[in-house]
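Visitor: Handing over structure.cif, mmCIF, N, CA and C atoms.
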```cif
data_run
loop_
_atom_site.group_PDB
_atom_site.id
_atom_site.type_symbol
_atom_site.label_atom_id
_atom_site.label_comp_id
_atom_site.auth_asym_id
_atom_site.auth_seq_id
_atom_site.Cartn_x
_atom_site.Cartn_y
_atom_site.Cartn_z
ATOM 1 N N MET A 180 49.354 20.188 -45.606
ATOM 2 C CA MET A 180 48.121 20.813 -46.051
ATOM 3 C C MET A 180 48.212 21.118 -47.542
ATOM 4 N N PRO A 181 47.322 20.619 -48.325
ATOM 5 C CA PRO A 181 47.343 20.940 -49.749
ATOM 6 C C PRO A 181 46.941 22.393 -49.985
ATOM 7 N N ASP A 182 47.555 23.005 -51.006
ATOM 8 C CA ASP A 182 47.273 24.404 -51.311
ATOM 9 C C ASP A 182 46.173 24.575 -52.350
ATOM 10 N N GLU A 183 45.728 23.496 -52.965
ATOM 11 C CA GLU A 183 44.696 23.599 -53.983
ATOM 12 C C GLU A 183 43.411 24.139 -53.365
ATOM 13 N N GLY A 184 42.812 25.118 -54.013
ATOM 14 C CA GLY A 184 41.583 25.710 -53.493
ATOM 15 C C GLY A 184 41.833 26.782 -52.460
ATOM 16 N N ARG A 185 43.067 27.170 -52.325
ATOM 17 C CA ARG A 185 43.444 28.164 -51.323
ATOM 18 C C ARG A 185 43.997 29.404 -52.029
ATOM 19 N N ILE A 186 43.557 30.552 -51.606
ATOM 20 C CA ILE A 186 44.085 31.813 -52.126
ATOM 21 C C ILE A 186 45.189 32.262 -51.179
ATOM 22 N N LYS A 187 46.355 32.569 -51.755
ATOM 23 C CA LYS A 187 47.477 33.072 -50.969
ATOM 24 C C LYS A 187 47.847 34.450 -51.495
ATOM 25 N N SER A 188 47.817 35.442 -50.633
ATOM 26 C CA SER A 188 48.116 36.812 -51.029
ATOM 27 C C SER A 188 49.575 36.969 -51.433
ATOM 28 N N CYS A 189 49.793 37.696 -52.517
ATOM 29 C CA CYS A 189 51.154 38.043 -52.948
ATOM 30 C C CYS A 189 51.644 39.298 -52.236
ATOM 31 N N VAL A 190 50.728 40.123 -51.755
ATOM 32 C CA VAL A 190 51.061 41.389 -51.112
ATOM 33 C C VAL A 190 51.264 41.217 -49.609
ATOM 34 N N PHE A 191 50.477 40.361 -48.995
ATOM 35 C CA PHE A 191 50.519 40.140 -47.552
ATOM 36 C C PHE A 191 50.861 38.678 -47.292
ATOM 37 N N PRO A 192 52.154 38.337 -47.205
ATOM 38 C CA PRO A 192 52.550 36.944 -46.993
ATOM 39 C C PRO A 192 51.897 36.346 -45.738
ATOM 40 N N GLY A 193 51.351 35.181 -45.891
ATOM 41 C CA GLY A 193 50.709 34.511 -44.773
ATOM 42 C C GLY A 193 49.203 34.701 -44.744
ATOM 43 N N LEU A 194 48.667 35.544 -45.613
ATOM 44 C CA LEU A 194 47.215 35.681 -45.695
ATOM 45 C C LEU A 194 46.705 34.611 -46.643
ATOM 46 N N TRP A 195 46.133 33.575 -46.068
ATOM 47 C CA TRP A 195 45.623 32.445 -46.819
ATOM 48 C C TRP A 195 44.120 32.331 -46.576
ATOM 49 N N LEU A 196 43.366 32.096 -47.630
ATOM 50 C CA LEU A 196 41.925 31.893 -47.521
ATOM 51 C C LEU A 196 41.539 30.592 -48.210
ATOM 52 N N GLU A 197 40.801 29.771 -47.524
ATOM 53 C CA GLU A 197 40.293 28.506 -48.056
ATOM 54 C C GLU A 197 38.951 28.798 -48.715
ATOM 55 N N VAL A 198 38.930 28.770 -50.040
ATOM 56 C CA VAL A 198 37.766 29.196 -50.809
ATOM 57 C C VAL A 198 36.526 28.363 -50.487
ATOM 58 N N ALA A 199 36.641 27.055 -50.495
ATOM 59 C CA ALA A 199 35.472 26.188 -50.257
ATOM 60 C C ALA A 199 34.873 26.435 -48.875
ATOM 61 N N ALA A 200 35.714 26.562 -47.875
ATOM 62 C CA ALA A 200 35.217 26.806 -46.518
ATOM 63 C C ALA A 200 34.563 28.177 -46.425
ATOM 64 N N LEU A 201 35.156 29.159 -47.084
ATOM 65 C CA LEU A 201 34.597 30.508 -47.065
ATOM 66 C C LEU A 201 33.219 30.532 -47.724
ATOM 67 N N LEU A 202 33.101 29.899 -48.870
ATOM 68 C CA LEU A 202 31.820 29.864 -49.583
ATOM 69 C C LEU A 202 30.764 29.039 -48.849
ATOM 70 N N ALA A 203 31.214 28.016 -48.114
ATOM 71 C CA ALA A 203 30.285 27.167 -47.369
ATOM 72 C C ALA A 203 29.884 27.786 -46.029
ATOM 73 N N GLY A 204 30.549 28.883 -45.658
ATOM 74 C CA GLY A 204 30.246 29.509 -44.374
ATOM 75 C C GLY A 204 30.877 28.788 -43.201
ATOM 76 N N ASP A 205 31.886 27.961 -43.455
ATOM 77 C CA ASP A 205 32.578 27.210 -42.402
ATOM 78 C C ASP A 205 33.665 28.099 -41.803
ATOM 79 N N LEU A 206 33.249 29.000 -40.946
ATOM 80 C CA LEU A 206 34.172 30.000 -40.419
ATOM 81 C C LEU A 206 35.257 29.415 -39.527
ATOM 82 N N SER A 207 34.995 28.291 -38.891
ATOM 83 C CA SER A 207 36.041 27.676 -38.068
ATOM 84 C C SER A 207 37.189 27.178 -38.943
ATOM 85 N N GLU A 208 36.864 26.628 -40.117
ATOM 86 C CA GLU A 208 37.909 26.175 -41.049
ATOM 87 C C GLU A 208 38.631 27.376 -41.655
ATOM 88 N N VAL A 209 37.901 28.422 -41.990
ATOM 89 C CA VAL A 209 38.513 29.651 -42.524
ATOM 90 C C VAL A 209 39.510 30.198 -41.506
ATOM 91 N N LEU A 210 39.110 30.285 -40.264
ATOM 92 C CA LEU A 210 39.983 30.801 -39.205
ATOM 93 C C LEU A 210 41.202 29.906 -38.999
ATOM 94 N N LYS A 211 41.009 28.589 -39.077
ATOM 95 C CA LYS A 211 42.126 27.647 -38.924
ATOM 96 C C LYS A 211 43.184 27.893 -40.001
ATOM 97 N N ILE A 212 42.757 28.108 -41.239
ATOM 98 C CA ILE A 212 43.689 28.338 -42.340
ATOM 99 C C ILE A 212 44.355 29.710 -42.197
ATOM 100 N N ILE A 213 43.610 30.707 -41.787
ATOM 101 C CA ILE A 213 44.206 32.035 -41.558
ATOM 102 C C ILE A 213 45.278 31.949 -40.475
ATOM 103 N N GLN A 214 44.997 31.248 -39.394
ATOM 104 C CA GLN A 214 45.975 31.108 -38.315
ATOM 105 C C GLN A 214 47.219 30.354 -38.782
ATOM 106 N N ALA A 215 47.028 29.329 -39.619
ATOM 107 C CA ALA A 215 48.173 28.593 -40.159
ATOM 108 C C ALA A 215 49.029 29.517 -41.028
ATOM 109 N N GLY A 216 48.399 30.347 -41.820
ATOM 110 C CA GLY A 216 49.134 31.293 -42.654
ATOM 111 C C GLY A 216 49.909 32.300 -41.832
ATOM 112 N N LEU A 217 49.303 32.776 -40.763
ATOM 113 C CA LEU A 217 49.979 33.745 -39.902
ATOM 114 C C LEU A 217 51.138 33.122 -39.131
ATOM 115 N N ALA A 218 51.125 31.805 -38.991
ATOM 116 C CA ALA A 218 52.219 31.102 -38.324
ATOM 117 C C ALA A 218 53.301 30.653 -39.314
ATOM 118 N N SER A 219 53.091 30.901 -40.593
ATOM 119 C CA SER A 219 54.018 30.434 -41.629
ATOM 120 C C SER A 219 55.329 31.215 -41.595
ATOM 121 N N PRO A 220 56.403 30.600 -42.073
ATOM 122 C CA PRO A 220 57.690 31.294 -42.145
ATOM 123 C C PRO A 220 57.634 32.560 -43.010
ATOM 124 N N GLU A 221 56.809 32.519 -44.074
ATOM 125 C CA GLU A 221 56.674 33.686 -44.934
ATOM 126 C C GLU A 221 56.133 34.901 -44.169
ATOM 127 N N HIS A 222 55.142 34.654 -43.333
ATOM 128 C CA HIS A 222 54.567 35.747 -42.557
ATOM 129 C C HIS A 222 55.535 36.220 -41.465
ATOM 130 N N GLN A 223 56.213 35.285 -40.840
ATOM 131 C CA GLN A 223 57.171 35.653 -39.787
ATOM 132 C C GLN A 223 58.267 36.541 -40.359
ATOM 133 N N ALA A 224 58.739 36.230 -41.561
ATOM 134 C CA ALA A 224 59.764 37.054 -42.204
ATOM 135 C C ALA A 224 59.209 38.413 -42.586
ATOM 136 N N PHE A 225 57.946 38.481 -42.955
ATOM 137 C CA PHE A 225 57.292 39.719 -43.351
ATOM 138 C C PHE A 225 57.194 40.689 -42.170
ATOM 139 N N GLN A 226 56.997 40.165 -40.964
ATOM 140 C CA GLN A 226 56.837 41.002 -39.775
ATOM 141 C C GLN A 226 58.123 41.702 -39.373
ATOM 142 N N LEU A 227 59.278 41.200 -39.794
ATOM 143 C CA LEU A 227 60.552 41.769 -39.357
ATOM 144 C C LEU A 227 60.849 43.079 -39.949
#
```
So that I can check it, write out the structure of this file as structure tokens.
Guide:
Amino acid sequence: MPDEGRIKSCVFPGLWLEVAALLAGDLSEVLKIIQAGLASPEHQAFQL
């Protein structure tokens, strides 16, 4: 997955937002990217 056009939080690892999908109102794509971020190794390490 390319990261271009994606906002990644520095404070909350794994919080990723797809800007184009968010602005277009494509909530299914926004949710897909959020779920991918929450499944990322960065987020898993953050939860510990």
Visitor: Using atom C of A:Leu210 and atom CA of A:Leu194 as the two end points, give the distance in Å to one decimal.
Guide: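 For atom C of A:Leu210 relative to atom CA of A:Leu194, the distance reads 10.7 Å.
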Visitor: Pull out every residue that the PyMOL selection byres (((chain A and resi 190-192 and name CA) around 6) and name CA) matches in the shown coordinates and put them as a ChimeraX atom specification.
Guide: /A:188-189,193-194,221-222
Visitor: Kindly give the distance, in Å, that separates atom C of A:Ala199 and atom C of A:Gly184, rounded to a single decimal.
Guide: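 Between atom C of A:Ala199 and atom C of A:Gly184 the gap is 7.8 Å.
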Visitor: Please measure the separation of atom C of A:Gln223 and atom N of A:Leu201, giving the value in Å to one decimal.
Guide: 25.2 Å
Visitor: Can you list, as a list in words, all residues belonging to chain A that DSSP tags as helix (DSSP H, G or I)?
Guide: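 So the helix (DSSP H, G or I) residues in chain A would be Val198, Ala199, Ala200, Leu201, Leu202, Ala203, Leu206, Ser207, Glu208, Val209, Leu210, Lys211, Ile212, Ile213, Gln214, Ala215, Gly216, Leu217, Pro220, Glu221, His222, Gln223, Ala224, Phe225 and Gln226 of chain A.
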Visitor: Selected residues, N, CA and C atoms, written as a PDB file, in the coordinates of the input, please.
Guide:
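New file out09.pdb:
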```pdb
ATOM      1  N   VAL A 198      38.930  28.770 -50.040  1.00  0.00           N
ATOM      2  CA  VAL A 198      37.766  29.196 -50.809  1.00  0.00           C
ATOM      3  C   VAL A 198      36.526  28.363 -50.487  1.00  0.00           C
ATOM      4  N   ALA A 199      36.641  27.055 -50.495  1.00  0.00           N
ATOM      5  CA  ALA A 199      35.472  26.188 -50.257  1.00  0.00           C
ATOM      6  C   ALA A 199      34.873  26.435 -48.875  1.00  0.00           C
ATOM      7  N   ALA A 200      35.714  26.562 -47.875  1.00  0.00           N
ATOM      8  CA  ALA A 200      35.217  26.806 -46.518  1.00  0.00           C
ATOM      9  C   ALA A 200      34.563  28.177 -46.425  1.00  0.00           C
ATOM     10  N   LEU A 201      35.156  29.159 -47.084  1.00  0.00           N
ATOM     11  CA  LEU A 201      34.597  30.508 -47.065  1.00  0.00           C
ATOM     12  C   LEU A 201      33.219  30.532 -47.724  1.00  0.00           C
ATOM     13  N   LEU A 202      33.101  29.899 -48.870  1.00  0.00           N
ATOM     14  CA  LEU A 202      31.820  29.864 -49.583  1.00  0.00           C
ATOM     15  C   LEU A 202      30.764  29.039 -48.849  1.00  0.00           C
ATOM     16  N   ALA A 203      31.214  28.016 -48.114  1.00  0.00           N
ATOM     17  CA  ALA A 203      30.285  27.167 -47.369  1.00  0.00           C
ATOM     18  C   ALA A 203      29.884  27.786 -46.029  1.00  0.00           C
ATOM     19  N   LEU A 206      33.249  29.000 -40.946  1.00  0.00           N
ATOM     20  CA  LEU A 206      34.172  30.000 -40.419  1.00  0.00           C
ATOM     21  C   LEU A 206      35.257  29.415 -39.527  1.00  0.00           C
ATOM     22  N   SER A 207      34.995  28.291 -38.891  1.00  0.00           N
ATOM     23  CA  SER A 207      36.041  27.676 -38.068  1.00  0.00           C
ATOM     24  C   SER A 207      37.189  27.178 -38.943  1.00  0.00           C
ATOM     25  N   GLU A 208      36.864  26.628 -40.117  1.00  0.00           N
ATOM     26  CA  GLU A 208      37.909  26.175 -41.049  1.00  0.00           C
ATOM     27  C   GLU A 208      38.631  27.376 -41.655  1.00  0.00           C
ATOM     28  N   VAL A 209      37.901  28.422 -41.990  1.00  0.00           N
ATOM     29  CA  VAL A 209      38.513  29.651 -42.524  1.00  0.00           C
ATOM     30  C   VAL A 209      39.510  30.198 -41.506  1.00  0.00           C
ATOM     31  N   LEU A 210      39.110  30.285 -40.264  1.00  0.00           N
ATOM     32  CA  LEU A 210      39.983  30.801 -39.205  1.00  0.00           C
ATOM     33  C   LEU A 210      41.202  29.906 -38.999  1.00  0.00           C
ATOM     34  N   LYS A 211      41.009  28.589 -39.077  1.00  0.00           N
ATOM     35  CA  LYS A 211      42.126  27.647 -38.924  1.00  0.00           C
ATOM     36  C   LYS A 211      43.184  27.893 -40.001  1.00  0.00           C
ATOM     37  N   ILE A 212      42.757  28.108 -41.239  1.00  0.00           N
ATOM     38  CA  ILE A 212      43.689  28.338 -42.340  1.00  0.00           C
ATOM     39  C   ILE A 212      44.355  29.710 -42.197  1.00  0.00           C
ATOM     40  N   ILE A 213      43.610  30.707 -41.787  1.00  0.00           N
ATOM     41  CA  ILE A 213      44.206  32.035 -41.558  1.00  0.00           C
ATOM     42  C   ILE A 213      45.278  31.949 -40.475  1.00  0.00           C
ATOM     43  N   GLN A 214      44.997  31.248 -39.394  1.00  0.00           N
ATOM     44  CA  GLN A 214      45.975  31.108 -38.315  1.00  0.00           C
ATOM     45  C   GLN A 214      47.219  30.354 -38.782  1.00  0.00           C
ATOM     46  N   ALA A 215      47.028  29.329 -39.619  1.00  0.00           N
ATOM     47  CA  ALA A 215      48.173  28.593 -40.159  1.00  0.00           C
ATOM     48  C   ALA A 215      49.029  29.517 -41.028  1.00  0.00           C
ATOM     49  N   GLY A 216      48.399  30.347 -41.820  1.00  0.00           N
ATOM     50  CA  GLY A 216      49.134  31.293 -42.654  1.00  0.00           C
ATOM     51  C   GLY A 216      49.909  32.300 -41.832  1.00  0.00           C
ATOM     52  N   LEU A 217      49.303  32.776 -40.763  1.00  0.00           N
ATOM     53  CA  LEU A 217      49.979  33.745 -39.902  1.00  0.00           C
ATOM     54  C   LEU A 217      51.138  33.122 -39.131  1.00  0.00           C
ATOM     55  N   PRO A 220      56.403  30.600 -42.073  1.00  0.00           N
ATOM     56  CA  PRO A 220      57.690  31.294 -42.145  1.00  0.00           C
ATOM     57  C   PRO A 220      57.634  32.560 -43.010  1.00  0.00           C
ATOM     58  N   GLU A 221      56.809  32.519 -44.074  1.00  0.00           N
ATOM     59  CA  GLU A 221      56.674  33.686 -44.934  1.00  0.00           C
ATOM     60  C   GLU A 221      56.133  34.901 -44.169  1.00  0.00           C
ATOM     61  N   HIS A 222      55.142  34.654 -43.333  1.00  0.00           N
ATOM     62  CA  HIS A 222      54.567  35.747 -42.557  1.00  0.00           C
ATOM     63  C   HIS A 222      55.535  36.220 -41.465  1.00  0.00           C
ATOM     64  N   GLN A 223      56.213  35.285 -40.840  1.00  0.00           N
ATOM     65  CA  GLN A 223      57.171  35.653 -39.787  1.00  0.00           C
ATOM     66  C   GLN A 223      58.267  36.541 -40.359  1.00  0.00           C
ATOM     67  N   ALA A 224      58.739  36.230 -41.561  1.00  0.00           N
ATOM     68  CA  ALA A 224      59.764  37.054 -42.204  1.00  0.00           C
ATOM     69  C   ALA A 224      59.209  38.413 -42.586  1.00  0.00           C
ATOM     70  N   PHE A 225      57.946  38.481 -42.955  1.00  0.00           N
ATOM     71  CA  PHE A 225      57.292  39.719 -43.351  1.00  0.00           C
ATOM     72  C   PHE A 225      57.194  40.689 -42.170  1.00  0.00           C
ATOM     73  N   GLN A 226      56.997  40.165 -40.964  1.00  0.00           N
ATOM     74  CA  GLN A 226      56.837  41.002 -39.775  1.00  0.00           C
ATOM     75  C   GLN A 226      58.123  41.702 -39.373  1.00  0.00           C
TER      76      GLN A 226
END
```
Visitor: List, as a PyMOL selection string, every residue that the PyMOL selection byres ((chain A and resi 209) around 8) selects in the file provided.
Guide: chain A and resi 195-201+204-208+210-215
Visitor: What are the DSSP strand (DSSP E or B) residues of chain A, as a PyMOL selection string?
Guide: chain A and resi 185-187+195-197
Visitor: Draw an axis-aligned box over all listed atoms of stretch 184-193 of chain A, pad each side with 5 Å, and write its centre and edge lengths in Å, one decimal, as AutoDock Vina command-line options.
Guide:
```
--center_x 47.1 --center_y 33.3 --center_z -49.4 --size_x 21.0 --size_y 26.3 --size_z 19.3
```
